[in-house]
$ cat model-v2.txt   # compact mmCIF, N, CA and C atoms
# COMPACT_ATOMS: atom_id res chain seq x y z
N MET M 29 0.84 -1.18 0.00
CA MET M 29 0.00 0.00 0.00
C MET M 29 0.89 1.24 0.00
N PRO M 30 0.64 2.18 -0.89
CA PRO M 30 1.47 3.40 -0.91
C PRO M 30 1.15 4.29 0.29
N PRO M 31 2.07 5.22 0.60
CA PRO M 31 1.76 6.21 1.64
C PRO M 31 0.47 6.94 1.26
N SER M 32 -0.34 7.26 2.25
CA SER M 32 -1.65 7.86 1.97
C SER M 32 -1.57 9.35 1.65
N THR M 33 -0.46 9.98 2.02
CA THR M 33 -0.28 11.41 1.76
C THR M 33 1.14 11.66 1.26
N GLY M 34 1.39 12.88 0.86
CA GLY M 34 2.72 13.27 0.41
C GLY M 34 2.84 13.17 -1.09
N ASP M 35 4.07 13.28 -1.54
CA ASP M 35 4.37 13.20 -2.97
C ASP M 35 4.92 11.82 -3.29
N LEU M 36 4.34 11.19 -4.30
CA LEU M 36 4.75 9.87 -4.76
C LEU M 36 5.27 10.01 -6.18
N LEU M 37 6.28 9.24 -6.54
CA LEU M 37 6.88 9.33 -7.87
C LEU M 37 6.77 8.01 -8.60
N ASP M 38 6.23 8.07 -9.82
CA ASP M 38 6.28 6.96 -10.76
C ASP M 38 7.29 7.38 -11.81
N LEU M 39 8.51 6.87 -11.70
CA LEU M 39 9.61 7.27 -12.57
C LEU M 39 9.63 6.39 -13.81
N GLY M 40 9.45 7.01 -14.98
CA GLY M 40 9.34 6.27 -16.23
C GLY M 40 7.95 5.69 -16.34
N CYS M 41 6.95 6.56 -16.24
CA CYS M 41 5.55 6.15 -16.07
C CYS M 41 4.93 5.46 -17.27
N GLY M 42 5.50 5.65 -18.47
CA GLY M 42 4.85 5.08 -19.64
C GLY M 42 3.45 5.65 -19.78
N TYR M 43 2.47 4.79 -20.05
CA TYR M 43 1.09 5.27 -20.21
C TYR M 43 0.36 5.44 -18.88
N GLY M 44 1.04 5.16 -17.75
CA GLY M 44 0.52 5.52 -16.44
C GLY M 44 -0.13 4.47 -15.57
N PRO M 45 0.00 3.18 -15.84
CA PRO M 45 -0.73 2.22 -15.00
C PRO M 45 -0.33 2.27 -13.52
N ILE M 46 0.94 2.44 -13.23
CA ILE M 46 1.36 2.50 -11.83
C ILE M 46 0.89 3.81 -11.20
N ALA M 47 1.07 4.92 -11.90
CA ALA M 47 0.63 6.21 -11.38
C ALA M 47 -0.87 6.20 -11.10
N ILE M 48 -1.66 5.62 -11.99
CA ILE M 48 -3.12 5.56 -11.82
C ILE M 48 -3.46 4.71 -10.59
N ALA M 49 -2.80 3.56 -10.45
CA ALA M 49 -3.06 2.70 -9.29
C ALA M 49 -2.69 3.40 -8.00
N LEU M 50 -1.55 4.09 -7.99
CA LEU M 50 -1.13 4.83 -6.79
C LEU M 50 -2.14 5.93 -6.45
N ALA M 51 -2.55 6.68 -7.46
CA ALA M 51 -3.49 7.79 -7.24
C ALA M 51 -4.83 7.28 -6.71
N ALA M 52 -5.27 6.14 -7.21
CA ALA M 52 -6.55 5.58 -6.75
C ALA M 52 -6.44 5.07 -5.32
N ARG M 53 -5.30 4.50 -4.97
CA ARG M 53 -5.13 3.95 -3.62
C ARG M 53 -4.76 5.00 -2.60
N ALA M 54 -4.24 6.12 -3.06
CA ALA M 54 -3.83 7.20 -2.15
C ALA M 54 -4.39 8.53 -2.66
N PRO M 55 -5.70 8.73 -2.55
CA PRO M 55 -6.32 9.93 -3.12
C PRO M 55 -5.87 11.24 -2.47
N ASN M 56 -5.27 11.16 -1.28
CA ASN M 56 -4.77 12.38 -0.62
C ASN M 56 -3.30 12.64 -0.91
N ALA M 57 -2.70 11.82 -1.74
CA ALA M 57 -1.31 12.02 -2.14
C ALA M 57 -1.28 12.69 -3.51
N ARG M 58 -0.13 13.30 -3.82
CA ARG M 58 0.09 13.84 -5.16
C ARG M 58 1.04 12.87 -5.86
N VAL M 59 0.61 12.37 -7.01
CA VAL M 59 1.41 11.40 -7.76
C VAL M 59 2.06 12.10 -8.95
N TRP M 60 3.38 12.06 -8.95
CA TRP M 60 4.15 12.62 -10.06
C TRP M 60 4.46 11.48 -11.03
N ALA M 61 3.88 11.53 -12.21
CA ALA M 61 4.13 10.55 -13.27
C ALA M 61 5.14 11.19 -14.21
N VAL M 62 6.36 10.68 -14.18
CA VAL M 62 7.47 11.32 -14.89
C VAL M 62 7.95 10.42 -16.02
N ASP M 63 8.12 11.04 -17.20
CA ASP M 63 8.65 10.31 -18.34
C ASP M 63 9.27 11.33 -19.30
N VAL M 64 10.19 10.88 -20.11
CA VAL M 64 10.79 11.76 -21.12
C VAL M 64 9.99 11.74 -22.42
N ASN M 65 9.06 10.80 -22.54
CA ASN M 65 8.27 10.62 -23.74
C ASN M 65 6.96 11.40 -23.63
N GLU M 66 6.81 12.41 -24.48
CA GLU M 66 5.61 13.26 -24.44
C GLU M 66 4.33 12.47 -24.74
N ARG M 67 4.40 11.51 -25.64
CA ARG M 67 3.22 10.69 -25.96
C ARG M 67 2.80 9.89 -24.73
N ALA M 68 3.76 9.34 -24.01
CA ALA M 68 3.46 8.59 -22.79
C ALA M 68 2.78 9.49 -21.76
N LEU M 69 3.25 10.72 -21.63
CA LEU M 69 2.65 11.66 -20.69
C LEU M 69 1.22 12.00 -21.08
N ALA M 70 0.99 12.19 -22.38
CA ALA M 70 -0.37 12.48 -22.86
C ALA M 70 -1.31 11.31 -22.55
N LEU M 71 -0.83 10.10 -22.72
CA LEU M 71 -1.65 8.92 -22.41
C LEU M 71 -1.91 8.82 -20.92
N THR M 72 -0.91 9.14 -20.11
CA THR M 72 -1.10 9.11 -18.66
C THR M 72 -2.17 10.11 -18.25
N ILE M 73 -2.11 11.31 -18.79
CA ILE M 73 -3.11 12.34 -18.48
C ILE M 73 -4.50 11.85 -18.88
N ALA M 74 -4.63 11.31 -20.09
CA ALA M 74 -5.92 10.82 -20.56
C ALA M 74 -6.42 9.68 -19.68
N ASN M 75 -5.55 8.78 -19.29
CA ASN M 75 -5.96 7.66 -18.45
C ASN M 75 -6.35 8.11 -17.05
N ALA M 76 -5.65 9.09 -16.50
CA ALA M 76 -6.02 9.62 -15.18
C ALA M 76 -7.38 10.30 -15.25
N GLU M 77 -7.62 11.07 -16.31
CA GLU M 77 -8.92 11.73 -16.47
C GLU M 77 -10.03 10.71 -16.64
N ALA M 78 -9.78 9.66 -17.42
CA ALA M 78 -10.79 8.62 -17.63
C ALA M 78 -11.13 7.90 -16.32
N ALA M 79 -10.14 7.81 -15.44
CA ALA M 79 -10.35 7.15 -14.14
C ALA M 79 -10.91 8.12 -13.10
N GLY M 80 -11.06 9.38 -13.47
CA GLY M 80 -11.61 10.38 -12.54
C GLY M 80 -10.62 10.78 -11.45
N LEU M 81 -9.34 10.71 -11.75
CA LEU M 81 -8.30 11.02 -10.76
C LEU M 81 -7.71 12.40 -11.03
N SER M 82 -7.74 13.25 -10.02
CA SER M 82 -7.20 14.61 -10.18
C SER M 82 -5.87 14.79 -9.46
N ASN M 83 -5.33 13.74 -8.88
CA ASN M 83 -4.09 13.86 -8.10
C ASN M 83 -2.87 13.33 -8.84
N VAL M 84 -2.94 13.26 -10.16
CA VAL M 84 -1.81 12.81 -10.97
C VAL M 84 -1.25 14.01 -11.73
N ARG M 85 0.06 14.20 -11.65
CA ARG M 85 0.77 15.24 -12.41
C ARG M 85 1.70 14.53 -13.38
N ALA M 86 1.38 14.48 -14.65
CA ALA M 86 2.21 13.83 -15.66
C ALA M 86 3.11 14.87 -16.30
N VAL M 87 4.42 14.75 -16.05
CA VAL M 87 5.36 15.79 -16.47
C VAL M 87 6.71 15.18 -16.88
N THR M 88 7.49 15.99 -17.57
CA THR M 88 8.86 15.61 -17.88
C THR M 88 9.71 15.78 -16.62
N PRO M 89 10.87 15.12 -16.56
CA PRO M 89 11.68 15.19 -15.33
C PRO M 89 12.01 16.61 -14.87
N GLU M 90 12.33 17.48 -15.80
CA GLU M 90 12.73 18.85 -15.42
C GLU M 90 11.56 19.68 -14.89
N ALA M 91 10.34 19.23 -15.10
CA ALA M 91 9.16 19.97 -14.63
C ALA M 91 8.82 19.70 -13.16
N VAL M 92 9.50 18.75 -12.54
CA VAL M 92 9.27 18.48 -11.12
C VAL M 92 10.12 19.47 -10.32
N PRO M 93 9.50 20.33 -9.52
CA PRO M 93 10.27 21.30 -8.75
C PRO M 93 11.34 20.63 -7.87
N GLN M 94 12.52 21.21 -7.83
CA GLN M 94 13.62 20.64 -7.06
C GLN M 94 13.29 20.50 -5.58
N ARG M 95 12.41 21.32 -5.06
CA ARG M 95 12.08 21.28 -3.63
C ARG M 95 11.24 20.06 -3.26
N VAL M 96 10.62 19.39 -4.24
CA VAL M 96 9.74 18.26 -3.96
C VAL M 96 10.55 17.06 -3.48
N ARG M 97 10.11 16.50 -2.35
CA ARG M 97 10.70 15.29 -1.79
C ARG M 97 9.62 14.22 -1.80
N PHE M 98 10.02 12.98 -2.02
CA PHE M 98 9.05 11.91 -2.23
C PHE M 98 8.94 10.98 -1.04
N ALA M 99 7.70 10.69 -0.68
CA ALA M 99 7.43 9.71 0.38
C ALA M 99 7.71 8.30 -0.15
N ALA M 100 7.57 8.12 -1.47
CA ALA M 100 7.86 6.83 -2.09
C ALA M 100 8.14 7.03 -3.58
N ILE M 101 8.99 6.16 -4.10
CA ILE M 101 9.33 6.16 -5.52
C ILE M 101 9.05 4.76 -6.05
N TYR M 102 8.43 4.70 -7.22
CA TYR M 102 8.12 3.43 -7.87
C TYR M 102 8.69 3.49 -9.28
N THR M 103 9.43 2.45 -9.68
CA THR M 103 9.99 2.47 -11.02
C THR M 103 10.38 1.08 -11.51
N ASN M 104 10.25 0.91 -12.79
CA ASN M 104 10.86 -0.20 -13.51
C ASN M 104 11.98 0.52 -14.27
N PRO M 105 13.16 0.65 -13.65
CA PRO M 105 14.18 1.53 -14.21
C PRO M 105 14.63 1.12 -15.60
N PRO M 106 14.97 2.10 -16.43
CA PRO M 106 15.39 1.81 -17.80
C PRO M 106 16.82 1.29 -17.87
N VAL M 107 17.03 0.05 -17.49
CA VAL M 107 18.38 -0.51 -17.39
C VAL M 107 19.09 -0.54 -18.74
N ARG M 108 18.36 -0.54 -19.81
CA ARG M 108 18.98 -0.63 -21.14
C ARG M 108 19.68 0.67 -21.57
N ILE M 109 19.53 1.74 -20.78
CA ILE M 109 20.24 2.98 -21.12
C ILE M 109 21.72 2.91 -20.77
N GLY M 110 22.12 1.83 -20.11
CA GLY M 110 23.52 1.66 -19.72
C GLY M 110 23.72 1.99 -18.25
N LYS M 111 24.73 1.35 -17.67
CA LYS M 111 24.95 1.49 -16.23
C LYS M 111 25.25 2.92 -15.80
N THR M 112 26.08 3.61 -16.53
CA THR M 112 26.44 4.97 -16.13
C THR M 112 25.22 5.87 -16.10
N ALA M 113 24.46 5.86 -17.18
CA ALA M 113 23.25 6.70 -17.25
C ALA M 113 22.22 6.26 -16.21
N LEU M 114 22.07 4.95 -16.03
CA LEU M 114 21.12 4.44 -15.04
C LEU M 114 21.51 4.87 -13.63
N HIS M 115 22.79 4.76 -13.31
CA HIS M 115 23.26 5.15 -11.98
C HIS M 115 23.06 6.64 -11.75
N GLU M 116 23.33 7.46 -12.76
CA GLU M 116 23.09 8.91 -12.63
C GLU M 116 21.61 9.20 -12.41
N LEU M 117 20.76 8.54 -13.19
CA LEU M 117 19.32 8.74 -13.07
C LEU M 117 18.83 8.36 -11.67
N LEU M 118 19.20 7.17 -11.22
CA LEU M 118 18.75 6.72 -9.90
C LEU M 118 19.33 7.56 -8.78
N SER M 119 20.59 7.95 -8.89
CA SER M 119 21.20 8.80 -7.86
C SER M 119 20.46 10.11 -7.71
N SER M 120 20.10 10.73 -8.83
CA SER M 120 19.44 12.03 -8.75
C SER M 120 18.05 11.93 -8.12
N TRP M 121 17.30 10.89 -8.45
CA TRP M 121 15.95 10.76 -7.90
C TRP M 121 15.97 10.19 -6.48
N MET M 122 16.85 9.25 -6.20
CA MET M 122 16.92 8.67 -4.85
C MET M 122 17.32 9.73 -3.83
N ALA M 123 18.09 10.72 -4.25
CA ALA M 123 18.48 11.81 -3.35
C ALA M 123 17.27 12.63 -2.91
N ARG M 124 16.16 12.50 -3.62
CA ARG M 124 14.95 13.27 -3.31
C ARG M 124 13.94 12.46 -2.50
N LEU M 125 14.35 11.29 -2.04
CA LEU M 125 13.49 10.46 -1.21
C LEU M 125 13.53 10.97 0.22
N GLU M 126 12.36 11.08 0.84
CA GLU M 126 12.30 11.51 2.24
C GLU M 126 13.06 10.50 3.12
N PRO M 127 13.61 10.94 4.26
CA PRO M 127 14.37 10.03 5.11
C PRO M 127 13.63 8.75 5.51
N ALA M 128 12.32 8.84 5.70
CA ALA M 128 11.55 7.65 6.08
C ALA M 128 10.91 6.97 4.86
N GLY M 129 11.23 7.45 3.68
CA GLY M 129 10.61 6.92 2.46
C GLY M 129 11.25 5.64 1.98
N ALA M 130 10.66 5.10 0.92
CA ALA M 130 11.18 3.88 0.29
C ALA M 130 10.98 3.98 -1.21
N ALA M 131 11.89 3.35 -1.92
CA ALA M 131 11.75 3.22 -3.36
C ALA M 131 11.52 1.75 -3.67
N TRP M 132 10.71 1.51 -4.65
CA TRP M 132 10.37 0.15 -5.08
C TRP M 132 10.78 0.01 -6.54
N LEU M 133 11.75 -0.84 -6.81
CA LEU M 133 12.27 -1.02 -8.16
C LEU M 133 11.94 -2.42 -8.64
N VAL M 134 11.39 -2.53 -9.84
CA VAL M 134 11.14 -3.82 -10.47
C VAL M 134 12.17 -3.98 -11.57
N VAL M 135 13.01 -5.02 -11.44
CA VAL M 135 14.10 -5.22 -12.38
C VAL M 135 14.19 -6.69 -12.77
N GLN M 136 14.34 -6.95 -14.05
CA GLN M 136 14.51 -8.33 -14.49
C GLN M 136 15.85 -8.85 -13.98
N ARG M 137 15.82 -10.09 -13.52
CA ARG M 137 17.04 -10.71 -12.99
C ARG M 137 18.14 -10.72 -14.05
N HIS M 138 17.82 -11.14 -15.26
CA HIS M 138 18.85 -11.24 -16.30
C HIS M 138 19.29 -9.88 -16.84
N LEU M 139 18.64 -8.81 -16.42
CA LEU M 139 19.07 -7.47 -16.83
C LEU M 139 19.83 -6.76 -15.71
N GLY M 140 20.25 -7.50 -14.71
CA GLY M 140 21.16 -6.94 -13.72
C GLY M 140 20.57 -6.51 -12.40
N SER M 141 19.47 -7.12 -11.98
CA SER M 141 18.85 -6.70 -10.72
C SER M 141 19.80 -6.88 -9.54
N ASP M 142 20.55 -7.98 -9.52
CA ASP M 142 21.44 -8.23 -8.38
C ASP M 142 22.61 -7.25 -8.35
N SER M 143 23.17 -6.94 -9.51
CA SER M 143 24.28 -5.97 -9.54
C SER M 143 23.78 -4.57 -9.21
N LEU M 144 22.56 -4.24 -9.62
CA LEU M 144 21.99 -2.94 -9.28
C LEU M 144 21.77 -2.86 -7.77
N ALA M 145 21.29 -3.93 -7.18
CA ALA M 145 21.09 -3.95 -5.72
C ALA M 145 22.42 -3.74 -5.00
N ARG M 146 23.48 -4.39 -5.49
CA ARG M 146 24.81 -4.20 -4.88
C ARG M 146 25.27 -2.76 -5.02
N TRP M 147 25.07 -2.17 -6.20
CA TRP M 147 25.49 -0.79 -6.42
C TRP M 147 24.74 0.15 -5.48
N LEU M 148 23.44 -0.03 -5.35
CA LEU M 148 22.66 0.82 -4.44
C LEU M 148 23.16 0.67 -3.01
N ASP M 149 23.44 -0.55 -2.60
CA ASP M 149 23.96 -0.81 -1.26
C ASP M 149 25.32 -0.12 -1.06
N GLU M 150 26.18 -0.23 -2.05
CA GLU M 150 27.51 0.41 -1.97
C GLU M 150 27.42 1.92 -1.93
N HIS M 151 26.30 2.48 -2.36
CA HIS M 151 26.12 3.93 -2.37
C HIS M 151 25.20 4.41 -1.24
N GLY M 152 25.18 3.64 -0.16
CA GLY M 152 24.56 4.10 1.07
C GLY M 152 23.10 3.80 1.27
N HIS M 153 22.51 3.00 0.40
CA HIS M 153 21.10 2.66 0.55
C HIS M 153 20.95 1.27 1.19
N THR M 154 19.87 1.09 1.90
CA THR M 154 19.53 -0.22 2.44
C THR M 154 18.63 -0.89 1.41
N VAL M 155 19.07 -2.04 0.92
CA VAL M 155 18.36 -2.72 -0.15
C VAL M 155 17.94 -4.11 0.32
N SER M 156 16.69 -4.44 0.07
CA SER M 156 16.24 -5.81 0.34
C SER M 156 15.40 -6.29 -0.83
N ARG M 157 15.47 -7.59 -1.06
CA ARG M 157 14.65 -8.18 -2.12
C ARG M 157 13.28 -8.43 -1.53
N PHE M 158 12.32 -7.65 -1.95
CA PHE M 158 10.96 -7.73 -1.42
C PHE M 158 10.23 -8.94 -2.01
N ALA M 159 10.45 -9.19 -3.31
CA ALA M 159 9.80 -10.32 -3.98
C ALA M 159 10.64 -10.73 -5.18
N SER M 160 10.44 -11.95 -5.61
CA SER M 160 11.12 -12.47 -6.79
C SER M 160 10.20 -13.49 -7.44
N GLU M 161 9.87 -13.24 -8.70
CA GLU M 161 8.97 -14.15 -9.40
C GLU M 161 9.15 -14.01 -10.90
N ARG M 162 9.16 -15.14 -11.59
CA ARG M 162 9.23 -15.20 -13.05
C ARG M 162 10.34 -14.35 -13.64
N GLY M 163 11.48 -14.36 -13.01
CA GLY M 163 12.63 -13.65 -13.54
C GLY M 163 12.69 -12.18 -13.18
N TYR M 164 11.75 -11.70 -12.37
CA TYR M 164 11.75 -10.31 -11.93
C TYR M 164 12.05 -10.24 -10.45
N ARG M 165 12.70 -9.17 -10.06
CA ARG M 165 12.95 -8.90 -8.65
C ARG M 165 12.28 -7.57 -8.31
N VAL M 166 11.69 -7.50 -7.14
CA VAL M 166 11.18 -6.24 -6.61
C VAL M 166 12.11 -5.89 -5.45
N LEU M 167 12.83 -4.79 -5.64
CA LEU M 167 13.77 -4.33 -4.64
C LEU M 167 13.16 -3.19 -3.83
N GLU M 168 13.26 -3.30 -2.52
CA GLU M 168 12.87 -2.20 -1.64
C GLU M 168 14.15 -1.47 -1.26
N VAL M 169 14.19 -0.18 -1.52
CA VAL M 169 15.41 0.61 -1.29
C VAL M 169 15.06 1.76 -0.34
N ARG M 170 15.85 1.86 0.69
CA ARG M 170 15.64 2.94 1.69
C ARG M 170 16.92 3.75 1.81
N PRO M 171 16.75 5.04 2.18
CA PRO M 171 17.95 5.90 2.33
C PRO M 171 18.87 5.40 3.43
$ encode --input "model-v2.txt" --output "structure tokens"
Amino acid sequence: MPPSTGDLLDLGCGYGPIAIALAARAPNARVWAVDVNERALALTIANAEAAGLSNVRAVTPEAVPQRVRFAAIYTNPPVRIGKTALHELLSSWMARLEPAGAAWLVVQRHLGSDSLARWLDEHGHTVSRFASERGYRVLEVRP
């Protein structure tokens, strides 16, 4: 269950299924659906409107004010962009996690979930494998 209030982040939202689910389960939270793809953002907006949800903000990464801190982050990180770019991306957003917050990452095992977990751990985060099924790992990451 997501935090009931605060700012929640769906990083790499695509057409918005995670953002929509978060917004429906936490109507008093503000859900930031972030993607670099304008078409994906337009679909997220349309899907949130169709679901009657007014607490979704679908925006590009630079449109999220720097002052915003997240109670939780949810992402299926874009591991195919390469380790350097992925590490930079995760470092910048993980730095915006509230001290008591958590990030939830879904990563395919064969795409480096275990090495990503080690990297996060080496960079000061507490990482645990929350679930593992059908070649996917769900990592819980805390500051």
$ closest_residue --input "model-v2.txt" --among "M:Leu148, M:Ala128, M:Ala61, M:Val135" --to "Val107 of chain M" --atoms "all atoms listed in the file"
M:Val135
$ atom_distance --input "model-v2.txt" --atom1 "atom CA of Arg85 of chain M" --atom2 "atom CA of Pro127 of chain M"
22.8 Å
$ closest_residue --input "model-v2.txt" --among "M:Gly129, M:Pro105, M:Gly152, M:Pro30" --to "Leu50 of chain M" --atoms "all atoms listed in the file"
M:Pro30
$ select_by_dssp --input "model-v2.txt" --residues "segment 56-169 of chain M" --states "alpha helix (DSSP H)" --output "PyMOL selection string"
chain M and resi 66-78+111-122+141-150
$ select_by_dssp --input "model-v2.txt" --residues "chain M" --states "strand (DSSP E or B)" --output "MDAnalysis selection string"
chainID M and resid 33:39 56:62 84:87 98:103 125:136 154:161 164:170
$ write_last_selection --input "model-v2.txt" --atoms "N, CA and C atoms" --output "short mmCIF file (atom, residue, chain, number, x, y, z; two decimals), keeping the file's coordinate frame"
data_model
loop_
_atom_site.label_atom_id
_atom_site.label_comp_id
_atom_site.auth_asym_id
_atom_site.auth_seq_id
_atom_site.Cartn_x
_atom_site.Cartn_y
_atom_site.Cartn_z
N THR M 33 -0.46 9.98 2.02
CA THR M 33 -0.28 11.41 1.76
C THR M 33 1.14 11.66 1.26
N GLY M 34 1.39 12.88 0.86
CA GLY M 34 2.72 13.27 0.41
C GLY M 34 2.84 13.17 -1.09
N ASP M 35 4.07 13.28 -1.54
CA ASP M 35 4.37 13.20 -2.97
C ASP M 35 4.92 11.82 -3.29
N LEU M 36 4.34 11.19 -4.30
CA LEU M 36 4.75 9.87 -4.76
C LEU M 36 5.27 10.01 -6.18
N LEU M 37 6.28 9.24 -6.54
CA LEU M 37 6.88 9.33 -7.87
C LEU M 37 6.77 8.01 -8.60
N ASP M 38 6.23 8.07 -9.82
CA ASP M 38 6.28 6.96 -10.76
C ASP M 38 7.29 7.38 -11.81
N LEU M 39 8.51 6.87 -11.70
CA LEU M 39 9.61 7.27 -12.57
C LEU M 39 9.63 6.39 -13.81
N ASN M 56 -5.27 11.16 -1.28
CA ASN M 56 -4.77 12.38 -0.62
C ASN M 56 -3.30 12.64 -0.91
N ALA M 57 -2.70 11.82 -1.74
CA ALA M 57 -1.31 12.02 -2.14
C ALA M 57 -1.28 12.69 -3.51
N ARG M 58 -0.13 13.30 -3.82
CA ARG M 58 0.09 13.84 -5.16
C ARG M 58 1.04 12.87 -5.86
N VAL M 59 0.61 12.37 -7.01
CA VAL M 59 1.41 11.40 -7.76
C VAL M 59 2.06 12.10 -8.95
N TRP M 60 3.38 12.06 -8.95
CA TRP M 60 4.15 12.62 -10.06
C TRP M 60 4.46 11.48 -11.03
N ALA M 61 3.88 11.53 -12.21
CA ALA M 61 4.13 10.55 -13.27
C ALA M 61 5.14 11.19 -14.21
N VAL M 62 6.36 10.68 -14.18
CA VAL M 62 7.47 11.32 -14.89
C VAL M 62 7.95 10.42 -16.02
N VAL M 84 -2.94 13.26 -10.16
CA VAL M 84 -1.81 12.81 -10.97
C VAL M 84 -1.25 14.01 -11.73
N ARG M 85 0.06 14.20 -11.65
CA ARG M 85 0.77 15.24 -12.41
C ARG M 85 1.70 14.53 -13.38
N ALA M 86 1.38 14.48 -14.65
CA ALA M 86 2.21 13.83 -15.66
C ALA M 86 3.11 14.87 -16.30
N VAL M 87 4.42 14.75 -16.05
CA VAL M 87 5.36 15.79 -16.47
C VAL M 87 6.71 15.18 -16.88
N PHE M 98 10.02 12.98 -2.02
CA PHE M 98 9.05 11.91 -2.23
C PHE M 98 8.94 10.98 -1.04
N ALA M 99 7.70 10.69 -0.68
CA ALA M 99 7.43 9.71 0.38
C ALA M 99 7.71 8.30 -0.15
N ALA M 100 7.57 8.12 -1.47
CA ALA M 100 7.86 6.83 -2.09
C ALA M 100 8.14 7.03 -3.58
N ILE M 101 8.99 6.16 -4.10
CA ILE M 101 9.33 6.16 -5.52
C ILE M 101 9.05 4.76 -6.05
N TYR M 102 8.43 4.70 -7.22
CA TYR M 102 8.12 3.43 -7.87
C TYR M 102 8.69 3.49 -9.28
N THR M 103 9.43 2.45 -9.68
CA THR M 103 9.99 2.47 -11.02
C THR M 103 10.38 1.08 -11.51
N LEU M 125 14.35 11.29 -2.04
CA LEU M 125 13.49 10.46 -1.21
C LEU M 125 13.53 10.97 0.22
N GLU M 126 12.36 11.08 0.84
CA GLU M 126 12.30 11.51 2.24
C GLU M 126 13.06 10.50 3.12
N PRO M 127 13.61 10.94 4.26
CA PRO M 127 14.37 10.03 5.11
C PRO M 127 13.63 8.75 5.51
N ALA M 128 12.32 8.84 5.70
CA ALA M 128 11.55 7.65 6.08
C ALA M 128 10.91 6.97 4.86
N GLY M 129 11.23 7.45 3.68
CA GLY M 129 10.61 6.92 2.46
C GLY M 129 11.25 5.64 1.98
N ALA M 130 10.66 5.10 0.92
CA ALA M 130 11.18 3.88 0.29
C ALA M 130 10.98 3.98 -1.21
N ALA M 131 11.89 3.35 -1.92
CA ALA M 131 11.75 3.22 -3.36
C ALA M 131 11.52 1.75 -3.67
N TRP M 132 10.71 1.51 -4.65
CA TRP M 132 10.37 0.15 -5.08
C TRP M 132 10.78 0.01 -6.54
N LEU M 133 11.75 -0.84 -6.81
CA LEU M 133 12.27 -1.02 -8.16
C LEU M 133 11.94 -2.42 -8.64
N VAL M 134 11.39 -2.53 -9.84
CA VAL M 134 11.14 -3.82 -10.47
C VAL M 134 12.17 -3.98 -11.57
N VAL M 135 13.01 -5.02 -11.44
CA VAL M 135 14.10 -5.22 -12.38
C VAL M 135 14.19 -6.69 -12.77
N GLN M 136 14.34 -6.95 -14.05
CA GLN M 136 14.51 -8.33 -14.49
C GLN M 136 15.85 -8.85 -13.98
N THR M 154 19.87 1.09 1.90
CA THR M 154 19.53 -0.22 2.44
C THR M 154 18.63 -0.89 1.41
N VAL M 155 19.07 -2.04 0.92
CA VAL M 155 18.36 -2.72 -0.15
C VAL M 155 17.94 -4.11 0.32
N SER M 156 16.69 -4.44 0.07
CA SER M 156 16.24 -5.81 0.34
C SER M 156 15.40 -6.29 -0.83
N ARG M 157 15.47 -7.59 -1.06
CA ARG M 157 14.65 -8.18 -2.12
C ARG M 157 13.28 -8.43 -1.53
N PHE M 158 12.32 -7.65 -1.95
CA PHE M 158 10.96 -7.73 -1.42
C PHE M 158 10.23 -8.94 -2.01
N ALA M 159 10.45 -9.19 -3.31
CA ALA M 159 9.80 -10.32 -3.98
C ALA M 159 10.64 -10.73 -5.18
N SER M 160 10.44 -11.95 -5.61
CA SER M 160 11.12 -12.47 -6.79
C SER M 160 10.20 -13.49 -7.44
N GLU M 161 9.87 -13.24 -8.70
CA GLU M 161 8.97 -14.15 -9.40
C GLU M 161 9.15 -14.01 -10.90
N TYR M 164 11.75 -11.70 -12.37
CA TYR M 164 11.75 -10.31 -11.93
C TYR M 164 12.05 -10.24 -10.45
N ARG M 165 12.70 -9.17 -10.06
CA ARG M 165 12.95 -8.90 -8.65
C ARG M 165 12.28 -7.57 -8.31
N VAL M 166 11.69 -7.50 -7.14
CA VAL M 166 11.18 -6.24 -6.61
C VAL M 166 12.11 -5.89 -5.45
N LEU M 167 12.83 -4.79 -5.64
CA LEU M 167 13.77 -4.33 -4.64
C LEU M 167 13.16 -3.19 -3.83
N GLU M 168 13.26 -3.30 -2.52
CA GLU M 168 12.87 -2.20 -1.64
C GLU M 168 14.15 -1.47 -1.26
N VAL M 169 14.19 -0.18 -1.52
CA VAL M 169 15.41 0.61 -1.29
C VAL M 169 15.06 1.76 -0.34
N ARG M 170 15.85 1.86 0.69
CA ARG M 170 15.64 2.94 1.69
C ARG M 170 16.92 3.75 1.81
#
$ atom_distance --input "model-v2.txt" --atom1 "atom CA of Pro89 of chain M" --atom2 "atom CA of Arg157 of chain M"
27.0 Å
$ residues_around --input "model-v2.txt" --residues "Ile73 of chain M" --least-positions-apart "5" --cutoff "9 Å" --atoms "only C-alpha atoms" --output "PyMOL selection string"
chain M and resi 43-44+68+78+84-86
$ residues_around --input "model-v2.txt" --residues "Asn65 of chain M" --least-positions-apart "6" --cutoff "8 Å" --atoms "only N, CA and C atoms" --output "list in words"
Gly40, Cys41, Gly42, Leu71, Val87, Thr88 and Pro89 of chain M
$ residues_around --input "model-v2.txt" --residues "Gly163 of chain M" --least-positions-apart "2" --cutoff "9 Å" --atoms "only C-alpha atoms" --output "short mmCIF file (atom, residue, chain, number, x, y, z; two decimals) with N, CA and C atoms, keeping the file's coordinate frame"
data_model
loop_
_atom_site.label_atom_id
_atom_site.label_comp_id
_atom_site.auth_asym_id
_atom_site.auth_seq_id
_atom_site.Cartn_x
_atom_site.Cartn_y
_atom_site.Cartn_z
N VAL M 135 13.01 -5.02 -11.44
CA VAL M 135 14.10 -5.22 -12.38
C VAL M 135 14.19 -6.69 -12.77
N GLN M 136 14.34 -6.95 -14.05
CA GLN M 136 14.51 -8.33 -14.49
C GLN M 136 15.85 -8.85 -13.98
N ARG M 137 15.82 -10.09 -13.52
CA ARG M 137 17.04 -10.71 -12.99
C ARG M 137 18.14 -10.72 -14.05
N HIS M 138 17.82 -11.14 -15.26
CA HIS M 138 18.85 -11.24 -16.30
C HIS M 138 19.29 -9.88 -16.84
N SER M 160 10.44 -11.95 -5.61
CA SER M 160 11.12 -12.47 -6.79
C SER M 160 10.20 -13.49 -7.44
N GLU M 161 9.87 -13.24 -8.70
CA GLU M 161 8.97 -14.15 -9.40
C GLU M 161 9.15 -14.01 -10.90
N ARG M 165 12.70 -9.17 -10.06
CA ARG M 165 12.95 -8.90 -8.65
C ARG M 165 12.28 -7.57 -8.31
#
